[in-house]
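Shown next, in structure tokens, is the structure this report addresses.
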Amino acid sequence: MILNLLLITTISCVCGKNVVKVTQTDYQAEENDSVTLEWTFTTRSDKSPNLLMIICKLVTDHRVSVVYRLHDGVEVPELQDEQFSGRVQCDRDVLREGRLRLHVSRLRTEDSGQYKCVVRTRYGQSADKCRLNVTATVAQEHTTTTVNPEPLGQERLYILLGALIMTAVIILVIILWVAAAAAGWTVANVVIRVKLVIAAVVIVVIYSIVTATAPEEQY
């Protein structure tokens with residue numbers, strides 16, 4: 001692969017024609033990772049990179065975005081799409097060697113698509129493209145919902161207390177009824193005593209609930 005690229009570059013220099021080639025046609029990466037996209041183009045090491053014009057674009061089904069722009073050796077960040085602001089760096093040291101290396105950091109899923117690079121030198125203009133596929137991380141694909149079990153625990157507590165109250169009242173009524181029959185009490189006397197017992201049980205239970213749910217004082 002490298003030998004073929006060197007051969008193409010050598011022939012192009014002799015013939016006076018600019019040829020742009022990607023070093024890799026497909027890239028795979030995960031979200032928030034980094035990737036380096038690389039192209040080669042025809043140049044001479046003794047020529048100044050100030051004569052270069054480079055424009056790299058992301059082409060998708062929905063839009064075309066400017067990833068990087070170099071005009072007469074000067075970067076033009078104001079023409080860069082906001083999507084790539086602060087996330088794309090060019091290795092300027094290898095431009096003299098006829099290599100364009102773009103480092104894209106903090107990748108997003110919307111960075112996926114076809115990257116087309118156009119390079120214009122004294123030998124002419126040429127372009128080539130590659131494809132980048134950015135996949136979402138596993139943590140973002142599968143999310144779980146945490147349920148607070150506290151309300152359910154309080155509901156069960158109240159149900160249990162209610163059942164205990166009913167049981168206690170029924171037992172006390174039965175005991176009073178048996179005692180009244182043995183002592184020869186009238187029905188009115190039994191009813192009065194049952195009401196007093198129920199009232200006492202309710203007061204005790206309410207006091208217990210208030211004491212259990214009241215917040216503790218901080219000292």
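Every chain in the structure tokens has a letter given in the order shown (A, B, ...), and although residue numbers restart at 1 in each chain, ligands are simply numbered from 1 in the order shown.
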Exercise: Gln114 of chain A partners within 7 Å, only C-alpha atoms, chain neighbours under 6 positions left out, as number ranges by chain: A: 58-60, 129-132
All strand (DSSP E) positions in segment 14-173 of chain A, as a PyMOL selection string: chain A and resi 21-22+26-30+35-40+53-59+64-71+74-75+88-90+99-104+113-121+124-135
Computed interatomic separation between atom CA of Asp61 of chain A and atom CA of Gly113 of chain A (Å):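 We find that atom CA of Asp61 of chain A and atom CA of Gly113 of chain A lie 8.4 Å from each other.
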For Ile171 of chain A, the nearest of the candidates A:Leu100, A:Val119, A:Val194, A:Val20, counting only C-alpha atoms: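 Closest to Ile171 of chain A, using only C-alpha atoms: A:Val194.
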Residues of segment 10-100 of chain A in alpha helix (DSSP H), written as a ChimeraX atom specification: /A:10-15
Residue nearest Ile165 of chain A among A:Val35, A:Val88, A:Gln125, A:Val204 (counting only C-alpha atoms): A:Val204
Gap from atom CA of Ile54 of chain A to atom CA of Gln28 of chain A - Å, one decimal: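 Result for atom CA of Ile54 of chain A versus atom CA of Gln28 of chain A: 24.0 Å, one decimal.
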Pick from A:Leu70, A:Lys57, A:Tyr27, A:Gln83 nearest to Asn133 of chain A, counting only C-alpha atoms: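 Answer, going by the shortest atom-to-atom distance: A:Tyr27.
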Length of the atom CA of Asp72 of chain A to atom CA of Ser105 of chain A vector [Å]: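 Going from atom CA of Asp72 of chain A over to atom CA of Ser105 of chain A, I get 25.3 Å.
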Surrounding residues of Gly86 of chain A excluding itself and chain neighbours under 3 positions, 12 Å, only C-alpha atoms, as JSON, numbers by chain: {"A": [67, 68, 77, 78, 80, 81, 82, 83, 89, 90, 103, 104, 105, 106, 107]}
Can those selected residues be exported to a file as an mmCIF file, in the first residue's frame so that it contains N, CA and C atoms?
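For reference, selection01.cif as written:
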```
data_model
loop_
_atom_site.group_PDB
_atom_site.id
_atom_site.type_symbol
_atom_site.label_atom_id
_atom_site.label_comp_id
_atom_site.auth_asym_id
_atom_site.auth_seq_id
_atom_site.Cartn_x
_atom_site.Cartn_y
_atom_site.Cartn_z
ATOM 1 N N VAL A 67 -15.261 20.839 7.535
ATOM 2 C CA VAL A 67 -14.491 20.307 8.657
ATOM 3 C C VAL A 67 -13.205 21.102 8.861
ATOM 4 N N TYR A 68 -12.528 21.414 7.753
ATOM 5 C CA TYR A 68 -11.240 22.128 7.847
ATOM 6 C C TYR A 68 -11.032 22.922 6.568
ATOM 7 N N PRO A 77 -10.530 29.382 10.326
ATOM 8 C CA PRO A 77 -11.481 28.756 11.257
ATOM 9 C C PRO A 77 -12.890 29.317 11.175
ATOM 10 N N GLU A 78 -13.037 30.568 10.701
ATOM 11 C CA GLU A 78 -14.374 31.161 10.629
ATOM 12 C C GLU A 78 -15.252 30.482 9.587
ATOM 13 N N GLN A 80 -15.209 27.196 9.251
ATOM 14 C CA GLN A 80 -15.452 25.855 9.773
ATOM 15 C C GLN A 80 -16.851 25.750 10.372
ATOM 16 N N ASP A 81 -17.506 24.619 10.147
ATOM 17 C CA ASP A 81 -18.833 24.423 10.702
ATOM 18 C C ASP A 81 -18.755 24.373 12.228
ATOM 19 N N GLU A 82 -19.781 24.918 12.877
ATOM 20 C CA GLU A 82 -19.799 24.977 14.345
ATOM 21 C C GLU A 82 -19.734 23.594 14.978
ATOM 22 N N GLN A 83 -20.205 22.588 14.281
ATOM 23 C CA GLN A 83 -20.183 21.214 14.793
ATOM 24 C C GLN A 83 -18.762 20.754 15.113
ATOM 25 N N GLN A 89 -7.806 19.384 14.491
ATOM 26 C CA GLN A 89 -6.465 19.946 14.402
ATOM 27 C C GLN A 89 -5.738 19.317 13.216
ATOM 28 N N CYS A 90 -4.980 20.157 12.504
ATOM 29 C CA CYS A 90 -4.204 19.698 11.346
ATOM 30 C C CYS A 90 -2.734 19.623 11.729
ATOM 31 N N HIS A 103 -6.830 15.513 12.937
ATOM 32 C CA HIS A 103 -7.167 14.857 14.198
ATOM 33 C C HIS A 103 -8.532 15.380 14.665
ATOM 34 N N VAL A 104 -9.504 14.505 14.748
ATOM 35 C CA VAL A 104 -10.850 14.868 15.208
ATOM 36 C C VAL A 104 -11.057 14.251 16.592
ATOM 37 N N SER A 105 -11.307 15.076 17.595
ATOM 38 C CA SER A 105 -11.454 14.610 18.979
ATOM 39 C C SER A 105 -12.898 14.714 19.437
ATOM 40 N N ARG A 106 -13.182 14.076 20.575
ATOM 41 C CA ARG A 106 -14.516 14.089 21.201
ATOM 42 C C ARG A 106 -15.599 13.775 20.163
ATOM 43 N N LEU A 107 -15.446 12.635 19.524
ATOM 44 C CA LEU A 107 -16.339 12.256 18.431
ATOM 45 C C LEU A 107 -17.787 12.161 18.874
#
```
